[in-house]
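To keep things clear, I will list the structure first and then write my remarks on it.
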Amino acid sequence: MILAIAAAALCAYIAPAAAGSGIPEVKAYLNGIDAHTILAPSTLFVKIFGSIFGVAAGFVVGKEGPMVHTGACVANLLGQGGSRKYGLTWKWLRYFKNDRDRRDLITCGAAAGVAGAFRAPVGGVLFALEEAASWWRSALLWRTFFTTAVVAVVLRALIQVCEGGKCGLFGKGGGLMGSLYNFLVDKVLRTYSLINERVPIFKILVVMIISLVTSSIRFGLPLLSKCIPCPGPEGDQCPSPTVGFFSIHYKNFQCPPNHYNDLTSLFFTTNDDAIRNLFIAGSDNRFQISSLVIFFVAIYSLGIITYGVAIPSGLFIPVILAGASYGRLVGSLLSPFTVLDAGLFALLGAASFLGGSMRMTVSLCIILLELTNDLLMLPLVMLVLLISKSVADCFNKGVYDQIVEIKGLPYMEAHAEPYMRHLAASDVVSGPLFTFSGVEKVGNIVHALKITRHHGFPVIDEPPFSDAPELCGLVLRSHLLVLLKNRTFSRQRVMTGSTIMRRFKAHDFAKPGSGKGLKLEDLDITQDEMEMFVDLHPITNTSPYTVVETMSLAKAAILFVSLALGTCWLCPRHQE
């Protein structure tokens, strides 16, 4: 209970953005939603310690979601050159302070999180490609691969050190159950969102209630299971042999010598060891059918009600546990009619639940194969994932897409909606349009920044700087604020680009760290300066992406997402 309260207090009072998985937030950031609290240093701190406390408290949560979020936070910290607030800055990292490089770093961080959670470097690369990133390019492939390779080497070295004593996972059924899981998680999250809008103490109370329920189930349900004689030689305790790739963990819970409680062997252990127990090949008599039914119902229910409380939590492990117990149950029921191993059914059950809930295929397939070290399972796992995903798609979206929608993040899908095919890009244009001249009055710029929240503005050259009005390019809001702060003004409407270039360096316009950017309120511009002029040509991007007004809205939307654009200008078909 103390660990649960500690995890909840960290999320409630220090970094509310650290609660939950973090994968939906990382997806949204890579889709273009730049909210500073998602990847802030405080979020990183709470994510690490909150995950440790949450797992240690016995919650039915996974570590893979928090590890993906943690990897993204570390990459963001490096990408912004450290943190001035906490005195951690590195000047050599300022060369990464632009949108593209920082987005690439965060994609690599997300891949590293999956690689570390499952020891699956190739699965981490495919996860970043299939689920996390909205925009992919060839250079990003080897960068993520290099990152996950380094993680794999370092992780293996650390595991060897720890082992030396030097340190303190069916087709239609799974698709249906996975879509039902998503439906119930959606309802529970909407209920929790109403509670989380209140004072932070309510979040801690909910965590305490869920912790009490989880502890009661873990300690109470094993009393319903009968004791089973240990396989192998007799002794006071059951041996823990290694079968194939996994080790069996028997638990003696109020049983006579040479007996074990199968339900305790699933509840009184870590989630990782419970998955290994269910994946064990061999006799299907290791777990009673009644115990598998009880464990499946308990884990399925606890996974639903636990996700969404104010602690860092992942969905992979609970879904794998529920799927493996479901598969093992099916294998035990079918054992009189088939020669297939019950451990094989457990693996396929986990695959079907993951496909039905997460709606990923390639990355999940590789993760499961790297987790079990059994390449011969590839055809069956592929078939089960495809069937479960196809069945679940008939009912609702993937769980991470549902969470993005619940959180109100304006996520743009990679495909266009059907109605967009009947609209032109000009049909969705709203006004008024704010434009700047190549040499603009300071007061006009301040007024536009004050009454709008636009990310960028078009710059149009007019006589005497051009023969006729023409689009010069794009100027970003953040660059305008830097220009205004340094007061490079002139009293005459003339071009002063050479003077401006001498006063600034490239890194002065670099993307700021999380929440550290200039705001209009930080500027103190006098009334006299409002009547002066500033040359925008030196900070104008003269090659912005543009589309013609008659372009199909569907095509424009796909172009916007595929190229990871922040701004795209709509130009008239005929210049006037």
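Convention: chains lettered A, B, ... in structure tokens order; per-chain residue numbering from 1; ligands numbered from 1 as shown.
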
Exercise. Counting only C-alpha atoms, what is within 9 Å of Ile195 in chain A, bar same-chain residues fewer than 6 positions away, as an MDAnalysis selection string?
Worked result: chainID A and resid 202:203 206

Problem set entry | Contact residues around range 463-466 of chain A with only C-alpha atoms at 10 Å, ignoring same-chain residues under 6 positions, as a list in words | Ser437, Gly438, Val439, Cys472, Val494 and Met495 of chain A

Next, the residues of the selection above should be written as a PDB file, in the first residue's frame with N, CA and C atoms.
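Generated output (part.pdb):
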```pdb
ATOM      1  N   SER A 437       4.191  41.546 -44.578  1.00  0.00           N
ATOM      2  CA  SER A 437       5.036  42.003 -45.677  1.00  0.00           C
ATOM      3  C   SER A 437       6.483  41.625 -45.390  1.00  0.00           C
ATOM      4  N   GLY A 438       7.317  41.657 -46.427  1.00  0.00           N
ATOM      5  CA  GLY A 438       8.726  41.326 -46.229  1.00  0.00           C
ATOM      6  C   GLY A 438       9.378  42.227 -45.214  1.00  0.00           C
ATOM      7  N   VAL A 439       8.997  43.512 -45.213  1.00  0.00           N
ATOM      8  CA  VAL A 439       9.420  44.462 -44.179  1.00  0.00           C
ATOM      9  C   VAL A 439       8.137  44.947 -43.514  1.00  0.00           C
ATOM     10  N   CYS A 472       6.640  35.096 -50.572  1.00  0.00           N
ATOM     11  CA  CYS A 472       8.073  35.027 -50.295  1.00  0.00           C
ATOM     12  C   CYS A 472       8.420  33.764 -49.523  1.00  0.00           C
ATOM     13  N   VAL A 494      12.867  49.735 -44.879  1.00  0.00           N
ATOM     14  CA  VAL A 494      13.950  49.313 -45.751  1.00  0.00           C
ATOM     15  C   VAL A 494      14.426  47.932 -45.311  1.00  0.00           C
ATOM     16  N   MET A 495      15.122  47.245 -46.221  1.00  0.00           N
ATOM     17  CA  MET A 495      15.665  45.924 -45.908  1.00  0.00           C
ATOM     18  C   MET A 495      16.966  46.067 -45.134  1.00  0.00           C
TER      19      MET A 495
END
```

For this session: Could you please determine the separation between CA of Leu364 in chain A and CA of Gly178 in chain A in Å, to one decimal place?
Result: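 Separation of CA of Leu364 in chain A and CA of Gly178 in chain A: 14.3 Å.
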
For this session: For Ile311 in chain A, please output as a list in words all residues within 7 Å (counting only C-alpha atoms; exclusion window: fewer than 2 positions along the same chain).
Result: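 Counting only C-alpha atoms, the residues come to Ala7, Ala8, Cys11, Ala19, Gly20, Gly50, Gly54, Val309 and Ser313 of chain A.
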
Limited to N, CA and C atoms, could you put the picked residues into a file as a CSV table (one decimal), in the first residue's frame?
```csv
chain,number,residue,atom,x,y,z
A,7,ALA,N,3.7,5.9,-5.6
A,7,ALA,CA,3.5,6.0,-7.0
A,7,ALA,C,2.4,7.0,-7.4
A,8,ALA,N,1.3,6.9,-6.7
A,8,ALA,CA,0.2,7.8,-7.0
A,8,ALA,C,0.5,9.3,-6.6
A,11,CYS,N,2.6,10.9,-9.3
A,11,CYS,CA,1.9,11.3,-10.5
A,11,CYS,C,0.9,12.4,-10.2
A,19,ALA,N,1.3,9.5,-15.6
A,19,ALA,CA,0.4,8.5,-15.3
A,19,ALA,C,0.0,7.7,-16.6
A,20,GLY,N,-0.3,6.4,-16.5
A,20,GLY,CA,-0.6,5.7,-17.7
A,20,GLY,C,0.6,5.1,-18.4
A,50,GLY,N,7.9,6.0,-10.5
A,50,GLY,CA,6.5,5.5,-10.4
A,50,GLY,C,6.3,4.1,-10.9
A,54,GLY,N,5.0,1.1,-8.8
A,54,GLY,CA,3.7,0.5,-9.2
A,54,GLY,C,3.9,-1.0,-9.4
A,309,VAL,N,-5.5,4.5,-13.6
A,309,VAL,CA,-5.2,5.1,-12.3
A,309,VAL,C,-3.9,5.9,-12.4
A,313,SER,N,1.8,2.9,-16.0
A,313,SER,CA,1.4,1.6,-16.3
A,313,SER,C,1.4,1.2,-17.7
```

Seminar exercise, completed: One residue among A:Glu440, A:Glu130, A:Asp341, A:Asp401 is nearest to Arg328 in chain A when using only C-alpha atoms, and that residue is A:Asp341

Exercise. Which residues, written as an NGL selection string, have at least one atom at most 9 Å from Gln288 in chain A, with only C-alpha atoms counted and residues fewer than 4 positions away on the same chain left out?
Worked result: :A and (225-226 or 228 or 262-263 or 284 or 292-293 or 329 or 332)

Keeping only N, CA and C atoms, write the selected residues as a PDB file, in the first residue's frame.
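Produced file selection01.pdb, reproduced below:
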```pdb
ATOM      1  N   SER A 225      -7.695 -22.970  -4.507  1.00  0.00           N
ATOM      2  CA  SER A 225      -7.037 -23.987  -5.322  1.00  0.00           C
ATOM      3  C   SER A 225      -6.558 -25.150  -4.465  1.00  0.00           C
ATOM      4  N   LYS A 226      -6.618 -26.358  -5.033  1.00  0.00           N
ATOM      5  CA  LYS A 226      -6.146 -27.554  -4.339  1.00  0.00           C
ATOM      6  C   LYS A 226      -4.648 -27.744  -4.557  1.00  0.00           C
ATOM      7  N   ILE A 228      -1.285 -29.764  -5.521  1.00  0.00           N
ATOM      8  CA  ILE A 228      -0.955 -30.735  -6.556  1.00  0.00           C
ATOM      9  C   ILE A 228       0.410 -31.332  -6.235  1.00  0.00           C
ATOM     10  N   ASP A 262      -0.975 -24.411  -7.673  1.00  0.00           N
ATOM     11  CA  ASP A 262      -0.781 -23.880  -9.021  1.00  0.00           C
ATOM     12  C   ASP A 262      -1.252 -22.436  -9.156  1.00  0.00           C
ATOM     13  N   LEU A 263      -2.319 -22.058  -8.450  1.00  0.00           N
ATOM     14  CA  LEU A 263      -2.810 -20.686  -8.539  1.00  0.00           C
ATOM     15  C   LEU A 263      -1.838 -19.717  -7.857  1.00  0.00           C
ATOM     16  N   ASP A 284       0.144 -30.738 -19.707  1.00  0.00           N
ATOM     17  CA  ASP A 284      -0.882 -29.723 -19.462  1.00  0.00           C
ATOM     18  C   ASP A 284      -1.490 -29.871 -18.082  1.00  0.00           C
ATOM     19  N   LEU A 292      -6.948 -22.035 -13.977  1.00  0.00           N
ATOM     20  CA  LEU A 292      -6.761 -21.206 -15.161  1.00  0.00           C
ATOM     21  C   LEU A 292      -7.957 -20.291 -15.392  1.00  0.00           C
ATOM     22  N   VAL A 293      -9.175 -20.797 -15.133  1.00  0.00           N
ATOM     23  CA  VAL A 293     -10.377 -19.966 -15.286  1.00  0.00           C
ATOM     24  C   VAL A 293     -10.343 -18.810 -14.293  1.00  0.00           C
ATOM     25  N   LEU A 329      -5.757 -22.376 -21.063  1.00  0.00           N
ATOM     26  CA  LEU A 329      -7.058 -22.965 -20.725  1.00  0.00           C
ATOM     27  C   LEU A 329      -7.632 -23.736 -21.920  1.00  0.00           C
ATOM     28  N   SER A 332      -5.655 -26.910 -22.422  1.00  0.00           N
ATOM     29  CA  SER A 332      -5.997 -27.951 -21.446  1.00  0.00           C
ATOM     30  C   SER A 332      -7.335 -28.608 -21.776  1.00  0.00           C
TER      31      SER A 332
END
```
